[in-house]
file final-v2.csv (CSV, C-alpha atoms)
chain,number,residue,atom,x,y,z
A,1,MET,CA,68.2,136.1,121.6
A,2,THR,CA,65.6,135.8,118.9
A,3,GLU,CA,64.2,132.3,118.7
A,4,ILE,CA,64.4,130.9,115.2
A,5,THR,CA,61.5,128.7,114.0
A,6,LYS,CA,61.1,126.1,111.3
A,7,GLN,CA,58.4,128.3,109.7
A,8,GLN,CA,61.0,131.1,109.3
A,9,VAL,CA,63.3,128.7,107.6
A,10,LEU,CA,60.6,127.4,105.3
A,11,ASP,CA,59.5,130.9,104.4
A,12,ALA,CA,63.1,131.8,103.5
A,13,LEU,CA,63.5,128.6,101.4
A,14,SER,CA,60.2,129.2,99.6
A,15,GLN,CA,62.0,132.2,97.9
A,16,VAL,CA,64.7,129.9,96.4
A,17,LYS,CA,64.0,128.4,93.0
A,18,GLY,CA,64.0,124.6,92.7
A,19,PRO,CA,65.9,122.5,90.2
A,20,ASP,CA,65.7,123.8,86.6
A,21,LEU,CA,64.2,127.0,88.1
A,22,ASP,CA,60.9,125.2,88.5
A,23,GLY,CA,58.9,126.2,91.5
A,24,ASP,CA,60.6,126.7,94.9
A,25,LEU,CA,62.4,124.4,97.3
A,26,VAL,CA,59.3,124.1,99.6
A,27,SER,CA,56.6,123.6,97.0
A,28,ARG,CA,58.8,121.0,95.3
A,29,ASN,CA,59.0,118.9,98.6
A,30,ILE,CA,62.8,119.2,98.5
A,31,VAL,CA,63.5,120.4,102.1
A,32,THR,CA,64.1,117.7,104.7
A,33,GLU,CA,65.5,117.4,108.3
A,34,ILE,CA,65.3,121.0,109.6
A,35,VAL,CA,67.2,121.0,112.8
A,36,ILE,CA,67.7,124.2,114.9
A,37,THR,CA,69.8,124.8,118.0
A,38,GLY,CA,70.2,128.4,119.1
A,39,GLY,CA,71.6,130.3,116.1
A,40,ASN,CA,72.6,127.2,114.2
A,41,VAL,CA,70.4,125.8,111.4
A,42,MET,CA,70.9,122.5,109.6
A,43,PHE,CA,68.7,121.0,106.9
A,44,GLY,CA,68.8,118.7,103.9
A,45,LEU,CA,67.8,119.2,100.2
A,46,SER,CA,66.7,115.9,98.7
A,47,VAL,CA,67.8,115.8,95.1
A,48,ASP,CA,68.8,113.3,92.4
A,49,ALA,CA,72.2,112.0,93.4
A,50,ASN,CA,73.4,112.2,89.8
A,51,ARG,CA,72.7,116.0,89.8
A,52,ALA,CA,74.4,116.8,93.1
A,53,LYS,CA,77.3,118.7,91.6
A,54,GLU,CA,75.1,120.5,89.1
A,55,LEU,CA,72.7,121.7,91.8
A,56,GLU,CA,75.5,123.2,94.0
A,57,PRO,CA,74.4,126.8,93.1
A,58,MET,CA,70.9,125.9,94.4
A,59,ARG,CA,72.4,124.7,97.7
A,60,LEU,CA,74.4,127.9,98.1
A,61,ALA,CA,71.3,130.0,97.4
A,62,ALA,CA,69.4,128.1,100.1
A,63,GLU,CA,72.3,128.6,102.5
A,64,ARG,CA,72.4,132.4,101.8
A,65,ALA,CA,68.6,132.7,102.2
A,66,VAL,CA,68.5,131.1,105.6
A,67,SER,CA,71.7,132.9,106.8
A,68,GLU,CA,69.8,136.2,106.3
A,69,ILE,CA,67.2,135.3,109.0
A,70,GLU,CA,67.7,137.4,112.1
A,71,GLY,CA,69.5,135.5,114.8
A,72,VAL,CA,71.0,132.8,112.5
A,73,ASP,CA,74.8,132.4,113.1
A,74,LYS,CA,75.7,129.3,111.1
A,75,VAL,CA,74.0,127.3,108.4
A,76,MET,CA,74.7,123.7,107.3
A,77,VAL,CA,73.0,122.5,104.2
A,78,ALA,CA,73.4,118.9,102.9
A,79,LEU,CA,72.4,117.6,99.5
A,80,THR,CA,71.0,114.1,100.0
A,81,ALA,CA,69.4,111.5,97.8
A,82,GLU,CA,66.7,110.9,100.3
A,83,LYS,CA,63.1,110.9,99.1
A,84,PRO,CA,61.2,114.1,100.1
A,85,ALA,CA,58.4,114.2,102.6
A,86,SER,CA,55.0,113.6,101.1
A,87,ASN,CA,53.2,116.5,102.6
A,88,GLY,CA,55.4,119.3,101.2
A,89,ALA,CA,56.8,120.4,104.5
A,90,ALA,CA,60.2,119.7,105.9
A,91,ALA,CA,60.5,116.3,107.5
A,92,PRO,CA,60.9,117.0,111.2
A,93,ASN,CA,63.6,115.4,113.3
A,94,ALA,CA,62.2,112.5,115.2
A,95,GLN,CA,63.4,113.9,118.5
A,96,GLY,CA,62.7,117.6,118.0
A,97,ASP,CA,64.6,120.7,117.0
A,98,THR,CA,67.4,120.6,119.5
A,99,MET,CA,69.1,117.3,118.5
A,100,GLY,CA,72.2,116.9,116.5
A,101,THR,CA,73.1,120.3,115.1
A,102,PRO,CA,76.9,120.9,114.7
A,103,ARG,CA,78.3,123.9,116.6
A,104,GLY,CA,79.7,126.3,114.1
A,105,ALA,CA,79.4,124.0,111.1
A,106,LYS,CA,78.9,125.2,107.6
A,107,THR,CA,79.2,123.1,104.5
A,108,GLN,CA,81.0,124.3,101.5
A,109,GLY,CA,79.8,121.9,98.8
A,110,ALA,CA,77.9,118.8,97.9
A,111,ALA,CA,79.3,115.3,98.4
A,112,PRO,CA,81.9,115.0,95.6
A,113,GLU,CA,82.1,112.2,93.1
A,114,ALA,CA,84.4,109.4,94.0
A,115,GLY,CA,88.0,110.6,93.8
A,116,LYS,CA,91.1,111.4,95.8
A,117,VAL,CA,90.9,113.6,98.8
A,118,PRO,CA,92.9,116.7,97.9
A,119,GLY,CA,96.4,116.4,99.4
A,120,VAL,CA,96.0,112.9,100.8
A,121,LYS,CA,98.1,110.1,99.2
A,122,HIS,CA,96.7,107.1,100.9
A,123,LEU,CA,93.4,106.4,102.8
A,124,VAL,CA,93.1,103.3,105.1
A,125,ALA,CA,89.9,102.3,106.9
A,126,VAL,CA,90.2,100.7,110.3
A,127,ALA,CA,87.0,98.7,110.8
A,128,SER,CA,85.3,96.1,113.0
A,129,GLY,CA,82.1,94.1,112.7
A,130,LYS,CA,80.9,95.3,116.1
A,131,GLY,CA,81.6,97.9,118.8
A,132,GLY,CA,83.6,97.4,121.9
A,133,VAL,CA,86.7,95.8,120.5
A,134,GLY,CA,88.9,98.9,120.9
A,135,LYS,CA,88.9,100.0,117.3
A,136,SER,CA,89.2,103.7,118.0
A,137,THR,CA,92.0,103.3,120.4
A,138,THR,CA,93.8,101.1,117.9
A,139,THR,CA,93.2,103.6,115.1
A,140,ILE,CA,94.7,106.6,117.0
A,141,ASN,CA,97.7,104.6,118.2
A,142,LEU,CA,98.4,103.2,114.7
A,143,ALA,CA,98.2,106.7,113.3
A,144,LEU,CA,100.7,107.9,115.9
A,145,GLY,CA,102.9,104.9,115.1
A,146,MET,CA,103.0,106.1,111.5
A,147,ALA,CA,103.8,109.7,112.6
A,148,ALA,CA,106.7,108.2,114.5
A,149,LEU,CA,108.1,107.0,111.2
A,150,GLY,CA,108.2,110.6,110.0
A,151,LEU,CA,105.0,110.4,107.9
A,152,LYS,CA,102.5,113.2,107.7
A,153,VAL,CA,99.3,111.6,109.1
A,154,ALA,CA,95.7,112.5,109.5
A,155,VAL,CA,92.8,110.8,111.3
A,156,LEU,CA,89.1,111.0,110.3
A,157,ASP,CA,86.6,109.9,112.9
A,158,ALA,CA,83.8,108.5,110.6
A,159,ASP,CA,81.6,107.4,113.5
A,160,VAL,CA,79.1,110.2,113.3
A,161,TYR,CA,76.7,108.7,115.9
A,162,GLY,CA,79.5,107.9,118.5
A,163,PRO,CA,82.6,110.0,117.8
A,164,SER,CA,85.4,109.4,120.2
A,165,LEU,CA,88.4,111.0,118.6
A,166,PRO,CA,88.3,114.3,120.6
A,167,ARG,CA,88.5,112.4,123.8
A,168,LEU,CA,91.2,110.1,122.6
A,169,ILE,CA,93.5,113.0,121.6
A,170,GLY,CA,92.4,115.4,124.4
A,171,GLU,CA,91.4,118.0,121.9
A,172,LYS,CA,88.1,120.0,122.1
A,173,THR,CA,89.0,122.9,119.8
A,174,LEU,CA,86.3,123.9,117.4
A,175,PRO,CA,87.6,123.7,113.8
A,176,THR,CA,87.9,127.2,112.2
A,177,GLN,CA,87.1,128.3,108.7
A,178,ASP,CA,90.0,129.8,106.8
A,179,PRO,CA,89.0,132.5,104.3
A,180,THR,CA,92.2,131.9,102.3
A,181,SER,CA,91.1,128.2,101.6
A,182,GLU,CA,87.6,128.9,100.2
A,183,GLY,CA,86.1,128.7,103.7
A,184,LYS,CA,87.2,125.1,104.3
A,185,LEU,CA,87.5,123.9,107.9
A,186,GLN,CA,91.0,123.7,109.4
A,187,PRO,CA,91.4,120.3,111.2
A,188,ALA,CA,92.3,120.0,114.8
A,189,GLU,CA,96.0,119.1,115.5
A,190,ALA,CA,97.4,117.0,118.3
A,191,TYR,CA,100.5,114.9,118.8
A,192,GLY,CA,101.6,115.7,115.3
A,193,LEU,CA,98.4,114.5,113.7
A,194,LYS,CA,95.7,116.3,111.9
A,195,ALA,CA,92.2,115.2,113.0
A,196,MET,CA,88.5,115.7,112.1
A,197,SER,CA,85.5,114.4,113.9
A,198,MET,CA,81.8,115.2,114.3
A,199,GLY,CA,82.8,115.3,118.0
A,200,PHE,CA,84.5,118.7,117.3
A,201,LEU,CA,81.2,120.1,116.1
A,202,VAL,CA,78.7,118.9,118.7
A,203,GLU,CA,78.7,118.6,122.5
A,204,GLU,CA,79.9,115.3,123.7
A,205,ASP,CA,76.5,114.3,125.1
A,206,THR,CA,74.5,115.4,122.1
A,207,PRO,CA,72.9,112.5,120.2
A,208,MET,CA,73.2,112.7,116.4
A,209,ILE,CA,69.7,111.7,115.3
A,210,TRP,CA,70.3,111.8,111.6
A,211,ARG,CA,69.0,109.5,108.8
A,212,GLY,CA,71.4,107.7,106.6
A,213,PRO,CA,71.7,110.2,103.7
A,214,MET,CA,72.5,113.0,106.1
A,215,VAL,CA,75.3,110.9,107.7
A,216,GLN,CA,76.7,110.0,104.3
A,217,SER,CA,76.7,113.7,103.2
A,218,ALA,CA,78.4,114.7,106.5
A,219,LEU,CA,81.1,112.1,106.0
A,220,GLN,CA,81.9,113.3,102.5
A,221,GLN,CA,82.0,116.9,103.7
A,222,MET,CA,84.4,116.0,106.5
A,223,LEU,CA,86.7,114.4,104.0
A,224,ASN,CA,86.5,117.0,101.2
A,225,ASP,CA,85.6,120.3,103.0
A,226,VAL,CA,88.6,120.2,105.3
A,227,GLU,CA,92.0,121.8,104.5
A,228,TRP,CA,94.1,118.7,105.2
A,229,GLY,CA,97.3,120.0,103.5
A,230,GLU,CA,99.8,117.4,102.3
A,231,ILE,CA,99.2,114.1,104.0
A,232,ASP,CA,101.0,110.8,103.4
A,233,ILE,CA,98.3,108.6,105.0
A,234,MET,CA,94.9,109.2,106.5
A,235,MET,CA,93.5,106.6,108.9
A,236,ILE,CA,89.7,106.5,108.9
A,237,ASP,CA,88.1,105.2,112.2
A,238,MET,CA,85.1,103.5,110.7
A,239,PRO,CA,81.8,103.1,112.6
A,240,PRO,CA,81.2,99.6,113.8
A,241,GLY,CA,79.1,97.3,111.6
A,242,THR,CA,78.3,97.2,107.9
A,243,GLY,CA,75.6,99.9,107.4
A,244,ASP,CA,75.0,102.9,105.1
A,245,ALA,CA,77.9,104.9,106.5
A,246,GLN,CA,80.5,102.1,106.1
A,247,LEU,CA,79.3,101.3,102.6
A,248,SER,CA,79.3,104.9,101.5
A,249,ILE,CA,82.9,105.3,102.5
A,250,ALA,CA,84.0,102.0,101.0
A,251,GLN,CA,82.3,102.9,97.6
A,252,GLN,CA,82.8,106.6,97.4
A,253,THR,CA,86.3,107.0,98.8
A,254,PRO,CA,89.5,105.6,97.1
A,255,LEU,CA,90.6,103.4,100.0
A,256,ALA,CA,94.1,101.9,99.7
A,257,GLY,CA,93.0,99.2,102.0
A,258,ALA,CA,91.2,98.2,105.2
A,259,VAL,CA,92.4,96.9,108.6
A,260,ILE,CA,90.1,94.7,110.6
A,261,VAL,CA,90.2,94.9,114.4
A,262,SER,CA,88.8,92.0,116.4
A,263,THR,CA,89.1,90.4,119.8
A,264,PRO,CA,90.0,86.7,119.9
A,265,GLN,CA,86.6,85.5,120.9
A,266,ASP,CA,84.3,83.7,118.4
A,267,LEU,CA,81.4,86.3,118.7
A,268,SER,CA,83.8,89.1,117.7
A,269,LEU,CA,85.3,87.1,114.9
A,270,ILE,CA,81.9,86.3,113.4
A,271,ASP,CA,81.1,90.0,113.1
A,272,ALA,CA,84.7,90.8,112.0
A,273,ARG,CA,84.1,88.4,109.0
A,274,LYS,CA,81.1,90.5,108.0
A,275,GLY,CA,83.1,93.7,107.9
A,276,LEU,CA,85.9,91.9,106.1
A,277,ASN,CA,83.5,90.5,103.4
A,278,MET,CA,81.9,94.0,102.9
A,279,PHE,CA,85.3,95.4,101.9
A,280,LEU,CA,86.0,92.4,99.6
A,281,LYS,CA,82.6,92.8,97.9
A,282,VAL,CA,83.4,96.4,97.0
A,283,SER,CA,87.0,95.6,95.9
A,284,VAL,CA,88.8,97.2,98.8
A,285,PRO,CA,92.0,95.3,99.7
A,286,VAL,CA,92.0,93.9,103.3
A,287,LEU,CA,95.5,94.7,104.6
A,288,GLY,CA,95.2,92.3,107.5
A,289,ILE,CA,93.7,91.6,110.9
A,290,VAL,CA,94.7,92.9,114.3
A,291,GLU,CA,93.9,90.9,117.5
A,292,ASN,CA,93.1,93.5,120.2
A,293,MET,CA,92.7,92.6,123.9
A,294,SER,CA,94.7,89.5,123.0
A,295,TYR,CA,96.0,88.7,126.5
A,296,PHE,CA,96.4,90.2,130.0
A,297,ILE,CA,99.6,90.3,132.1
A,298,CYS,CA,98.8,90.4,135.8
A,299,ASP,CA,100.6,93.3,137.4
A,300,LYS,CA,100.9,91.4,140.7
A,301,CYS,CA,101.9,87.9,139.6
A,302,ASP,CA,103.1,88.5,136.0
A,303,ALA,CA,101.0,85.6,134.9
A,304,ARG,CA,99.5,85.7,131.4
A,305,HIS,CA,95.7,85.4,131.2
A,306,GLU,CA,93.9,85.0,127.9
A,307,ILE,CA,90.5,86.4,129.0
A,308,PHE,CA,88.8,86.4,125.6
A,309,GLY,CA,90.7,83.3,124.4
A,310,HIS,CA,93.7,83.7,122.2
A,311,GLY,CA,94.8,83.3,118.6
A,312,GLY,CA,91.3,83.5,117.1
A,313,ALA,CA,92.2,86.4,114.9
A,314,ARG,CA,95.5,84.8,113.8
A,315,ASP,CA,93.7,81.6,112.9
A,316,GLU,CA,91.1,83.6,111.0
A,317,ALA,CA,93.7,85.4,109.0
A,318,LYS,CA,95.4,82.2,108.1
A,319,LYS,CA,92.1,80.6,107.1
A,320,LEU,CA,91.4,83.6,104.8
A,321,ASP,CA,95.0,83.9,103.5
A,322,LEU,CA,95.3,87.4,104.9
A,323,PRO,CA,98.2,89.0,106.9
A,324,PHE,CA,98.0,88.8,110.6
A,325,LEU,CA,99.3,92.1,111.7
A,326,GLY,CA,99.8,91.6,115.5
A,327,GLU,CA,98.5,91.1,119.0
A,328,ILE,CA,97.7,94.0,121.3
A,329,PRO,CA,97.3,93.2,125.0
A,330,LEU,CA,94.5,94.1,127.3
A,331,ASP,CA,96.2,96.6,129.5
A,332,LYS,CA,94.9,99.1,132.0
A,333,GLU,CA,97.5,101.8,131.0
A,334,ILE,CA,96.3,101.7,127.4
A,335,ARG,CA,92.7,102.3,128.5
A,336,GLU,CA,93.6,105.0,131.1
A,337,ARG,CA,95.7,107.0,128.8
A,338,SER,CA,93.1,106.8,126.0
A,339,ASP,CA,90.4,108.0,128.4
A,340,ASN,CA,92.6,110.9,129.4
A,341,GLY,CA,93.5,112.0,125.9
A,342,GLN,CA,97.1,110.8,126.2
A,343,PRO,CA,97.4,107.9,123.7
A,344,ILE,CA,100.1,105.5,124.7
A,345,VAL,CA,102.2,105.7,121.6
A,346,ALA,CA,102.6,109.4,122.1
A,347,THR,CA,103.1,109.5,125.8
A,348,VAL,CA,105.1,106.3,126.4
A,349,PRO,CA,106.8,106.1,123.0
A,350,ASP,CA,109.5,103.7,124.1
A,351,GLY,CA,107.2,101.3,126.0
A,352,PRO,CA,106.4,97.7,124.9
A,353,HIS,CA,102.8,98.6,123.9
A,354,ALA,CA,104.0,101.5,121.7
A,355,LYS,CA,106.4,99.1,120.1
A,356,VAL,CA,103.6,96.8,119.0
A,357,TYR,CA,101.5,99.6,117.5
A,358,LYS,CA,104.6,100.9,115.7
A,359,GLU,CA,105.4,97.5,114.2
A,360,ILE,CA,101.8,97.1,112.9
A,361,ALA,CA,101.8,100.7,111.6
A,362,LYS,CA,105.1,100.0,109.7
A,363,GLU,CA,103.5,96.9,108.1
A,364,ILE,CA,100.4,98.8,107.0
A,365,TRP,CA,102.5,101.7,105.5
A,366,GLU,CA,104.7,99.3,103.5
A,367,ALA,CA,101.6,97.4,102.3
A,368,VAL,CA,99.9,100.6,100.9
A,369,ASP,CA,103.0,102.5,99.7
A,370,GLY,CA,104.9,99.6,98.3
A,371,LYS,CA,108.2,100.6,99.8
A,372,PRO,CA,109.9,100.4,103.2
A,373,ALA,CA,108.8,102.9,105.8
A,374,PRO,CA,111.1,105.8,106.6
A,375,THR,CA,112.9,106.0,109.8
A,376,GLY,CA,111.5,109.1,111.5
A,377,PRO,CA,111.7,111.0,114.7
A,378,LYS,CA,110.2,109.7,117.9
A,379,ILE,CA,107.1,111.3,119.2
A,380,VAL,CA,107.5,112.7,122.7
A,381,MET,CA,105.2,114.4,125.0
A,382,GLU,CA,106.5,117.7,126.4
call {"tool": "encode", "arguments": {"input": "final-v2.csv", "output": "structure tokens"}}
result
Amino acid sequence: MTEITKQQVLDALSQVKGPDLDGDLVSRNIVTEIVITGGNVMFGLSVDANRAKELEPMRLAAERAVSEIEGVDKVMVALTAEKPASNGAAAPNAQGDTMGTPRGAKTQGAAPEAGKVPGVKHLVAVASGKGGVGKSTTTINLALGMAALGLKVAVLDADVYGPSLPRLIGEKTLPTQDPTSEGKLQPAEAYGLKAMSMGFLVEEDTPMIWRGPMVQSALQQMLNDVEWGEIDIMMIDMPPGTGDAQLSIAQQTPLAGAVIVSTPQDLSLIDARKGLNMFLKVSVPVLGIVENMSYFICDKCDARHEIFGHGGARDEAKKLDLPFLGEIPLDKEIRERSDNGQPIVATVPDGPHAKVYKEIAKEIWEAVDGKPAPTGPKIVME
């Protein structure tokens, strides 16, 4: 197989006119972040954010130019608002050419202006101030709880650096492009959910060493360059913390609300407050707080143990005059089924844990839709 070099990419891009047909992309210092893995090439074009939609033809021309290089299979081009490198060459990836290129990914457009995601009625962010509180497991099970109500549900894994959705649903299928939908990606499907994650586009052990603008562009493309179809509610599994990615989604996506996941302990609650305050500052309603790992029931003595304390999230919700959505126990079966791609709401739909998730899901749906949740079919695993 012919090895593709950065110089070949730069040579191709030097034939593409810059904004306002002035110079070319390379001489204008617009090309950034060239990353090459095998036949896949990804790079950014740094432009004025206010002109992103206007400069879409330039992005497409750059994509075509690089796709014509011998050996190139897929091209991903992102328009970013990042400042260009000062020396006129593409800014190299800090860890070399082989890091972080999506398998088979190809963008179809610039990050859109804030607006509804086509076909999706409601978007809800599930967030936490820190990692390790079980946010992703909570997200997938709440989504399944909504599907059990008879709703059409999608899940977006917005954690570009640490995607976990493919493992949680046991789905490794590479999204495909449908020529009948203007080349948009078709989402993965599992347990009645539609799903999208960077984890479908890269190997599980591949680190995504991208700067903030690239991550923001990728998130907007996963939202808007995917053929979701008609969806009642999309659950967005947010990255932990309150950085660029979280702020980008909160500001550029019409969120119906946010759910905060925390453990009962004070350290988790301190960080949960930060996430909660971020949403309040950008006028996103906080729908409530979920206390995960709330307690543990010993399988030998049936005694209840409150390993991380208990009631901290409930008290915090009361203090902030927010709904307390419920307590989810710390249970080995929840963890084992999540690790095996068999989330508990789908695979033990009549169990006590599934009941808790379904009750919380019902509260969230009624909060965003303003009407009682429908009574739908149960999810069963065949």
call {"tool": "residues_around", "arguments": {"input": "final-v2.csv", "residues": "Leu255 in chain A", "least_positions_apart": "5", "cutoff": "7 Å", "atoms": "all atoms listed in the file", "output": "count of residues only"}}
result
4
call {"tool": "residues_around", "arguments": {"input": "final-v2.csv", "residues": "range 333-347 of chain A", "least_positions_apart": "3", "cutoff": "9 Å", "atoms": "all atoms listed in the file", "output": "mmCIF file with C-alpha atoms, in the frame of the given file"}}
result
data_model
loop_
_atom_site.group_PDB
_atom_site.id
_atom_site.type_symbol
_atom_site.label_atom_id
_atom_site.label_comp_id
_atom_site.auth_asym_id
_atom_site.auth_seq_id
_atom_site.Cartn_x
_atom_site.Cartn_y
_atom_site.Cartn_z
ATOM 1 C CA THR A 137 92.000 103.300 120.400
ATOM 2 C CA ILE A 140 94.700 106.600 117.000
ATOM 3 C CA ASN A 141 97.700 104.600 118.200
ATOM 4 C CA LEU A 142 98.400 103.200 114.700
ATOM 5 C CA LEU A 144 100.700 107.900 115.900
ATOM 6 C CA GLY A 145 102.900 104.900 115.100
ATOM 7 C CA ALA A 148 106.700 108.200 114.500
ATOM 8 C CA LEU A 165 88.400 111.000 118.600
ATOM 9 C CA PRO A 166 88.300 114.300 120.600
ATOM 10 C CA ARG A 167 88.500 112.400 123.800
ATOM 11 C CA LEU A 168 91.200 110.100 122.600
ATOM 12 C CA ILE A 169 93.500 113.000 121.600
ATOM 13 C CA GLY A 170 92.400 115.400 124.400
ATOM 14 C CA GLU A 171 91.400 118.000 121.900
ATOM 15 C CA TYR A 191 100.500 114.900 118.800
ATOM 16 C CA PRO A 329 97.300 93.200 125.000
ATOM 17 C CA LEU A 330 94.500 94.100 127.300
ATOM 18 C CA ASP A 350 109.500 103.700 124.100
ATOM 19 C CA GLY A 351 107.200 101.300 126.000
ATOM 20 C CA HIS A 353 102.800 98.600 123.900
ATOM 21 C CA ALA A 354 104.000 101.500 121.700
ATOM 22 C CA LYS A 355 106.400 99.100 120.100
ATOM 23 C CA TYR A 357 101.500 99.600 117.500
ATOM 24 C CA LYS A 358 104.600 100.900 115.700
ATOM 25 C CA LYS A 378 110.200 109.700 117.900
ATOM 26 C CA ILE A 379 107.100 111.300 119.200
ATOM 27 C CA VAL A 380 107.500 112.700 122.700
ATOM 28 C CA MET A 381 105.200 114.400 125.000
ATOM 29 C CA GLU A 382 106.500 117.700 126.400
#
call {"tool": "closest_residue", "arguments": {"input": "final-v2.csv", "among": "A:Asp331, A:Val153, A:Leu21, A:Leu219", "to": "Ile297 in chain A", "atoms": "all atoms listed in the file"}}
result
A:Asp331
call {"tool": "closest_residue", "arguments": {"input": "final-v2.csv", "among": "A:Glu54, A:Glu70, A:Glu291, A:Glu204", "to": "Gly162 in chain A", "atoms": "all atoms listed in the file"}}
result
A:Glu204
call {"tool": "residues_around", "arguments": {"input": "final-v2.csv", "residues": "Met238 in chain A", "least_positions_apart": "3", "cutoff": "9 Å", "atoms": "all atoms listed in the file", "output": "list in words"}}
result
Ala125, Val126, Ala127, Ser128, Lys135, Ser136, Leu156, Asp157, Ala158, Asp159, Gly241, Ala245, Gln246 and Ile249 of chain A
call {"tool": "residues_near_point", "arguments": {"input": "final-v2.csv", "point": "(101.0, 99.0, 108.2)", "cutoff": "9 Å", "atoms": "all atoms listed in the file", "output": "list in words"}}
result
Leu142, Met146, Val259, Leu287, Gly288, Leu325, Lys358, Glu359, Ile360, Ala361, Lys362, Glu363, Ile364, Trp365, Glu366, Ala367 and Val368 of chain A
call {"tool": "atom_distance", "arguments": {"input": "final-v2.csv", "atom1": "CA of Val133 in chain A", "atom2": "CA of Glu189 in chain A"}}
result
25.6 Å
call {"tool": "atom_distance", "arguments": {"input": "final-v2.csv", "atom1": "CA of Gly311 in chain A", "atom2": "CA of Pro352 in chain A"}}
result
19.5 Å
call {"tool": "atom_distance", "arguments": {"input": "final-v2.csv", "atom1": "CA of Ser67 in chain A", "atom2": "CA of Ala12 in chain A"}}
result
9.3 Å
call {"tool": "residues_around", "arguments": {"input": "final-v2.csv", "residues": "range 37-44 of chain A", "least_positions_apart": "3", "cutoff": "6 Å", "atoms": "all atoms listed in the file", "output": "MDAnalysis selection string"}}
result
chainID A and resid 31:34 71:79 98
call {"tool": "closest_residue", "arguments": {"input": "final-v2.csv", "among": "A:Ala154, A:Met214, A:Lys332, A:Gln221", "to": "Ala195 in chain A", "atoms": "all atoms listed in the file"}}
result
A:Ala154
call {"tool": "closest_residue", "arguments": {"input": "final-v2.csv", "among": "A:Leu201, A:Cys298, A:Ile30, A:Val16", "to": "Asp48 in chain A", "atoms": "all atoms listed in the file"}}
result
A:Ile30
call {"tool": "residues_around", "arguments": {"input": "final-v2.csv", "residues": "Arg314 in chain A", "least_positions_apart": "2", "cutoff": "10 Å", "atoms": "only C-alpha atoms", "output": "list in words"}}
result
Pro264, Gly288, Ile289, Val290, Glu291, His310, Gly311, Gly312, Glu316, Ala317, Lys318, Lys319, Leu320, Leu322, Pro323, Phe324, Leu325, Gly326 and Glu327 of chain A
call {"tool": "write_last_selection", "arguments": {"input": "final-v2.csv", "atoms": "C-alpha atoms", "output": "tab-separated table (two decimals), in the frame of the given file"}}
result
chain	number	residue	atom	x	y	z
A	264	PRO	CA	90.00	86.70	119.90
A	288	GLY	CA	95.20	92.30	107.50
A	289	ILE	CA	93.70	91.60	110.90
A	290	VAL	CA	94.70	92.90	114.30
A	291	GLU	CA	93.90	90.90	117.50
A	310	HIS	CA	93.70	83.70	122.20
A	311	GLY	CA	94.80	83.30	118.60
A	312	GLY	CA	91.30	83.50	117.10
A	316	GLU	CA	91.10	83.60	111.00
A	317	ALA	CA	93.70	85.40	109.00
A	318	LYS	CA	95.40	82.20	108.10
A	319	LYS	CA	92.10	80.60	107.10
A	320	LEU	CA	91.40	83.60	104.80
A	322	LEU	CA	95.30	87.40	104.90
A	323	PRO	CA	98.20	89.00	106.90
A	324	PHE	CA	98.00	88.80	110.60
A	325	LEU	CA	99.30	92.10	111.70
A	326	GLY	CA	99.80	91.60	115.50
A	327	GLU	CA	98.50	91.10	119.00
